[in-house]
Amino acid sequence: MAIPLPYFCGKNRLGVKWISDIFADRAAAVYNEVGKGDTNVSGYNFFTDIACALSHGVVDGIYSVIFNGVLVWGKKEPYDTPQITRGAEDSIDITIPNFGVMTLYWGTETQTFNTTLKLSGKNHTAYRGVCYAVFKQLFLGFNQKSVQNIEIVLGRWPKPAWIDLSGPGHDGTSNINGDVNPICFIVDLLQHPRAGLGLPDSFFDMAKMQAVAQRLQQEGFGFSPLLTDRKDSKQWLLQACEYFDGYFLQDGSGKFSIQLARPPEDAGELTIIDGTQMVSRPSFSSDDWSTIKTETSVQFTSDRIGLQPDVKTWRDLGAREMNDSADPLQVDRSWITQAESATQIAACLGQVVGLPIRSGSVKLRKTGTLFEDMVPGALFKFDYPSRNVGGIVWRVKDRSQPDPSEPEFQINFLADTSYLYPAPGNGSFSREIGEEDEESEEIKPLPISTFRVIELPLALCPEGKLSLAILAARAETSTIGFNIFLGRKVNSEWLDSYAQLDSQRSFSVHGLLKTEYTDVGPSIDEETGLIVELDGVDLELGEQTLFDALSNDLLAFIGDEVFSVVSLTVIAENTYQILVARARFATPRQTHAVDSAVYLIRRSEILPLQHPQFVPNNTARFKLQPVKPPTVLELADVESSDVAISGRIYAQTPVTNLKINGLLDEVTFSTGAAIAITFTLTDAGRDYYQQRLLVRKTVLDFYDNFDALIATVELADGVSAYSMTNAEMIALLGGEATFYLTVRTKIISDWFIIFSEQKAISAIFI
């Protein structure tokens with residue numbers, strides 16, 4: 001099966017794509033002292049060989065290697081210079097302390113086949129043009145057979161030979177503080193033989209491309225693009241140009257170039273359009289002031305925090321006064337890694353969108369060089385006294401192609417706003433959220449304090465894998481979502497470090513149960529229902545029908561039981577009678593006490609979360625960071641929450657119909673009697689998923705009158721009866737006496753053991 005590979009430039013933190021299964025794996029026993037000179041095996045350290053692909057080549061440097069979010073080799077952020085820069089070699093061996101050796105192939109066209117891969121049992125090539133790595137006897141961990149979540153920070157700075165970037169303060173490469181010169185990226189993408197179009201040098205207007213590359217190099221503007229999906233090349237070019245306010249152009253000979261939207265060096269040399277060149281009067285329009293944006297947030301990937309998401313914000317207080325409210329704009333600039341560049345972009349863009357857009361069109365005569373001068377992106381001015389627009393610089397947006405029979409053409413234009421800002425890299429004049437001003441405090445989001453992390457029922461777990469979900473009620477309606485961060489742990493110790501797991505844009509409605517709701521009654525309760533008083537800022541639930549309930553549309557979570565809402569009736573302020581279908585998705589019926597927390601959310605809005613840490617008997621640590629445009633609550637101000645994972649989807653349903661000597665209760669026996677225990681094993685009503693081979697057993701625990709455990713018996717899977725003669729009972733229990741029996745099912749995996757709810761019965765000796 002083909003594995004899609006990312007293409008990148010600059011510096012990027014890349015996850016790996018496995019190109020082999022584990023092979024040459026081994027286990028080394030770990031011994032503990034248990035007495036004077038005695039030892040026993042406490043577990044095993046596991047090792048393996050494995051190979052992974054990283055990206056299209058050729059890669060020029062490596063900064064660091066990260067396992068499960070923890071740096072294990074190389075440099076910490078910020079990533080100024082690589083730990084190792086590529087030389088003439090095709091590959092290098094890197095020793096990762098305590099983990100083994102990684103052979104990194106740079107992705108050259110001359111790299112050779114890795115001999116270790118001969119042992120993998122699969123056919124491999126030299127993977128020329130692909131940056132990949134082979135791990136030799138990688139240490140997986142103590143009693144850990146799965147491979148770590150591996151990320152590698154790499155650098156790549158291509159440059160065509162015909163672009164000269166040498167000059168004062170520049171080393172001649174396309175590397176700009178670890179980022180890449182945007183023009184070199186565009187050329188490489190269009191010429192790349194695998195990820196691009198393989199275009200020849202003759203496709204480009206090389207002189208113009210070099211001039212723009214040199215201008216960007218002087219401005220100090222670079223970025224680090226990461227391409228992980230398939231798009232038309234035009235889309236990638238448009239996306240790239242958005243970062244540095246550029247546009248692409250094709251001249252009369254078909255040569256391609258990139259141009260920059262920058263202020264004119266001399267406004268006096270601009271083309272002037274007057275009445276002699278116009279076929280008709282120009283038309284002008286201007287957007288209303290209500291369309292302007294008051295706050296501009298730039299989301300970028302900060303190299304100061306390990307190439308993780310960050311945000312910089314510009315606020316236009318004048319625009320806010322004009323509109324009497326906040327109207328924020330969020331833009332994705334994830335290819336930006338420098339906080340300074342993100343700050344400048346926010347400031348420049350913030351000023352532009354803080355003004356109404358002025359535009360227009362005019363039909364012109366095709367005389368002299370006017371058609372050639374009015375290419376898209378060109379600047380010009382009007383000599384048109386009747387409209388008093390002579391002082392405005394306009395930029396051509398697009399141009400029609402003239403009909404040979406009518407030597408005229410039309411241009412559409414916009415008022416040029418490049419005068420409002422310096423080019424990126426020429427200094428910062430931004431003012432960020434959080435600086436001292438009288439309105440900063442009101443923008444800070446309130447923390448999310450009402451939430452619950454649950455293990456989803458199997459039917460809601462994608463691919464049948466253990467999944468968690470967060471049911472959260474927001475504290476204010478201006479909070480549009482929250483970022484989910486997962487704590488990092490090393491050797492059972494929590495680090496003060498978090499990695500973003502996901503972002504969620506859906507919230508739950510929260511309330512409290514006002515009357516007890518018992519575990520008896522019909523499966524579809526159309527009479528009593530739940531009496532719930534809602535709190536918080538979200539109080540609307542909408543209408544529901546029985547069909548919606550059977551489709552599990554709107555769900556209610558109370559304790560371990562999941563309900564599907566049949567209907568809702570308002571009976572007091574913010575208080576509903578909610579008729580429900582019970583025990584959905586094979587969850588257990590339970591009795592729910594007064595003031596039990598109730599979370600309501602539509603099934604379609606539940607976000608399943610999966611991670612290698614989510615295994616039974618493990619603990620996960622979360623932080624929920626509220627998002628309130630244009631800012632987020634600082635992660636340091638968010639309280640963490642620990643969640644113990646039980647692995648409920650793997651557990652069997654409890655036994656039923658438990659009897660001793662054929663009786664369900666009031667069991668008695670006398671001297672010389674035998675004991676026959678029977679019960680029913682069932683998964684009825686449960687969508688049981690056996691993700692891998694799991695061993696199932698049934699455990700019988702015998703207790704005396706003082707609740708002390710006397711004996712335990714384990715029965716094989718499928719055995720639903722256990723009989724004892726009187727002599728066997730005396731041998732097991734130590735005599736003829738009253739005993740108390742509990743029965744529960746047991747699921748055994750390589751790494752965890754899970755018990756079901758237990759059922760109990762007493763037998764009285766008379």
# chains A, B, ... in the order shown; residues from 1 in each chain; ligands from 1

$ residues_around --residues "A:Val311" --least-positions-apart "4" --cutoff "9 Å" --atoms "only C-alpha atoms" --output "PyMOL selection string"
chain A and resi 297-302+339+342-343+630-632

$ select_by_dssp --residues "stretch 545-652 of chain A" --states "alpha helix (DSSP H)" --output "list of chain:residue names"
A:Leu546, A:Phe547, A:Asp548, A:Ala549, A:Leu550

$ write_last_selection --atoms "N, CA and C atoms" --output "CSV table (one decimal), in the first residue's frame"
chain,number,residue,atom,x,y,z
A,546,LEU,N,-39.4,10.3,19.7
A,546,LEU,CA,-39.0,8.9,20.0
A,546,LEU,C,-38.1,8.4,18.9
A,547,PHE,N,-38.3,8.8,17.6
A,547,PHE,CA,-37.4,8.4,16.5
A,547,PHE,C,-36.0,8.9,16.8
A,548,ASP,N,-35.9,10.1,17.3
A,548,ASP,CA,-34.6,10.7,17.6
A,548,ASP,C,-33.9,9.9,18.7
A,549,ALA,N,-34.7,9.5,19.7
A,549,ALA,CA,-34.2,8.7,20.8
A,549,ALA,C,-33.7,7.4,20.4
A,550,LEU,N,-34.4,6.7,19.5
A,550,LEU,CA,-34.0,5.4,19.0
A,550,LEU,C,-32.8,5.5,18.1

$ residues_around --residues "stretch 501-504 of chain A" --least-positions-apart "5" --cutoff "8 Å" --atoms "only C-alpha atoms" --output "PyMOL selection string"
chain A and resi 481-486+607+609

$ atom_distance --atom1 "atom CA of A:Leu104" --atom2 "atom CA of A:Trp18"
13.9 Å

$ residues_around --residues "A:Ile578" --least-positions-apart "3" --cutoff "8 Å" --atoms "only C-alpha atoms" --output "MDAnalysis selection string"
chainID A and resid 529:532 565:569

$ atom_distance --atom1 "atom CA of A:Asp60" --atom2 "atom CA of A:Leu307"
18.1 Å

$ atom_distance --atom1 "atom CA of A:Ala586" --atom2 "atom CA of A:Ala651"
11.6 Å

$ decode --residues "stretch 197-219 of chain A" --atoms "N, CA, C and O atoms" --output "mmCIF file, in the first residue's frame"
data_model
loop_
_atom_site.group_PDB
_atom_site.id
_atom_site.type_symbol
_atom_site.label_atom_id
_atom_site.label_comp_id
_atom_site.auth_asym_id
_atom_site.auth_seq_id
_atom_site.Cartn_x
_atom_site.Cartn_y
_atom_site.Cartn_z
ATOM 1 N N LEU A 197 6.197 19.443 -10.014
ATOM 2 C CA LEU A 197 5.846 19.297 -11.429
ATOM 3 C C LEU A 197 7.047 18.998 -12.318
ATOM 4 O O LEU A 197 6.867 18.729 -13.513
ATOM 5 N N GLY A 198 8.257 19.085 -11.789
ATOM 6 C CA GLY A 198 9.442 18.793 -12.594
ATOM 7 C C GLY A 198 9.660 19.796 -13.722
ATOM 8 O O GLY A 198 10.139 19.434 -14.803
ATOM 9 N N LEU A 199 9.317 21.081 -13.497
ATOM 10 C CA LEU A 199 9.433 22.085 -14.552
ATOM 11 C C LEU A 199 10.892 22.495 -14.776
ATOM 12 O O LEU A 199 11.689 22.528 -13.838
ATOM 13 N N PRO A 200 11.253 22.871 -15.994
ATOM 14 C CA PRO A 200 12.641 23.272 -16.282
ATOM 15 C C PRO A 200 12.906 24.709 -15.848
ATOM 16 O O PRO A 200 11.978 25.487 -15.589
ATOM 17 N N ASP A 201 14.179 25.082 -15.796
ATOM 18 C CA ASP A 201 14.551 26.458 -15.457
ATOM 19 C C ASP A 201 13.944 27.462 -16.430
ATOM 20 O O ASP A 201 13.619 28.597 -16.051
ATOM 21 N N SER A 202 13.789 27.049 -17.683
ATOM 22 C CA SER A 202 13.283 27.962 -18.706
ATOM 23 C C SER A 202 11.839 28.396 -18.457
ATOM 24 O O SER A 202 11.353 29.336 -19.079
ATOM 25 N N PHE A 203 11.141 27.736 -17.545
ATOM 26 C CA PHE A 203 9.767 28.120 -17.213
ATOM 27 C C PHE A 203 9.733 29.471 -16.506
ATOM 28 O O PHE A 203 8.741 30.202 -16.571
ATOM 29 N N PHE A 204 10.808 29.839 -15.819
ATOM 30 C CA PHE A 204 10.820 31.006 -14.948
ATOM 31 C C PHE A 204 11.452 32.217 -15.626
ATOM 32 O O PHE A 204 12.360 32.094 -16.446
ATOM 33 N N ASP A 205 10.979 33.386 -15.218
ATOM 34 C CA ASP A 205 11.698 34.623 -15.496
ATOM 35 C C ASP A 205 12.740 34.731 -14.382
ATOM 36 O O ASP A 205 12.472 35.262 -13.290
ATOM 37 N N MET A 206 13.928 34.219 -14.634
ATOM 38 C CA MET A 206 14.905 34.022 -13.578
ATOM 39 C C MET A 206 15.369 35.342 -12.973
ATOM 40 O O MET A 206 15.619 35.432 -11.764
ATOM 41 N N ALA A 207 15.494 36.379 -13.769
ATOM 42 C CA ALA A 207 15.943 37.665 -13.243
ATOM 43 C C ALA A 207 14.941 38.229 -12.235
ATOM 44 O O ALA A 207 15.313 38.713 -11.158
ATOM 45 N N LYS A 208 13.642 38.182 -12.569
ATOM 46 C CA LYS A 208 12.620 38.696 -11.656
ATOM 47 C C LYS A 208 12.518 37.832 -10.400
ATOM 48 O O LYS A 208 12.349 38.362 -9.292
ATOM 49 N N MET A 209 12.613 36.509 -10.565
ATOM 50 C CA MET A 209 12.541 35.621 -9.408
ATOM 51 C C MET A 209 13.705 35.882 -8.459
ATOM 52 O O MET A 209 13.542 35.908 -7.237
ATOM 53 N N GLN A 210 14.900 36.083 -9.018
ATOM 54 C CA GLN A 210 16.051 36.363 -8.169
ATOM 55 C C GLN A 210 15.889 37.693 -7.452
ATOM 56 O O GLN A 210 16.213 37.804 -6.260
ATOM 57 N N ALA A 211 15.373 38.691 -8.120
ATOM 58 C CA ALA A 211 15.193 40.001 -7.495
ATOM 59 C C ALA A 211 14.243 39.914 -6.301
ATOM 60 O O ALA A 211 14.499 40.511 -5.242
ATOM 61 N N VAL A 212 13.153 39.176 -6.455
ATOM 62 C CA VAL A 212 12.195 39.038 -5.355
ATOM 63 C C VAL A 212 12.802 38.202 -4.230
ATOM 64 O O VAL A 212 12.621 38.513 -3.042
ATOM 65 N N ALA A 213 13.539 37.146 -4.565
ATOM 66 C CA ALA A 213 14.196 36.328 -3.543
ATOM 67 C C ALA A 213 15.177 37.172 -2.738
ATOM 68 O O ALA A 213 15.247 37.069 -1.504
ATOM 69 N N GLN A 214 15.930 38.030 -3.412
ATOM 70 C CA GLN A 214 16.883 38.883 -2.717
ATOM 71 C C GLN A 214 16.170 39.898 -1.829
ATOM 72 O O GLN A 214 16.619 40.194 -0.719
ATOM 73 N N ARG A 215 15.039 40.416 -2.299
ATOM 74 C CA ARG A 215 14.270 41.370 -1.489
ATOM 75 C C ARG A 215 13.773 40.698 -0.201
ATOM 76 O O ARG A 215 13.876 41.251 0.897
ATOM 77 N N LEU A 216 13.236 39.492 -0.321
ATOM 78 C CA LEU A 216 12.752 38.778 0.861
ATOM 79 C C LEU A 216 13.904 38.422 1.796
ATOM 80 O O LEU A 216 13.745 38.434 3.025
ATOM 81 N N GLN A 217 15.053 38.082 1.226
ATOM 82 C CA GLN A 217 16.225 37.782 2.047
ATOM 83 C C GLN A 217 16.641 39.030 2.833
ATOM 84 O O GLN A 217 16.975 38.946 4.021
ATOM 85 N N GLN A 218 16.595 40.195 2.197
ATOM 86 C CA GLN A 218 16.948 41.439 2.878
ATOM 87 C C GLN A 218 15.937 41.775 3.966
ATOM 88 O O GLN A 218 16.293 42.300 5.028
ATOM 89 N N GLU A 219 14.670 41.473 3.707
ATOM 90 C CA GLU A 219 13.637 41.721 4.715
ATOM 91 C C GLU A 219 13.718 40.740 5.866
ATOM 92 O O GLU A 219 13.101 40.956 6.916
#
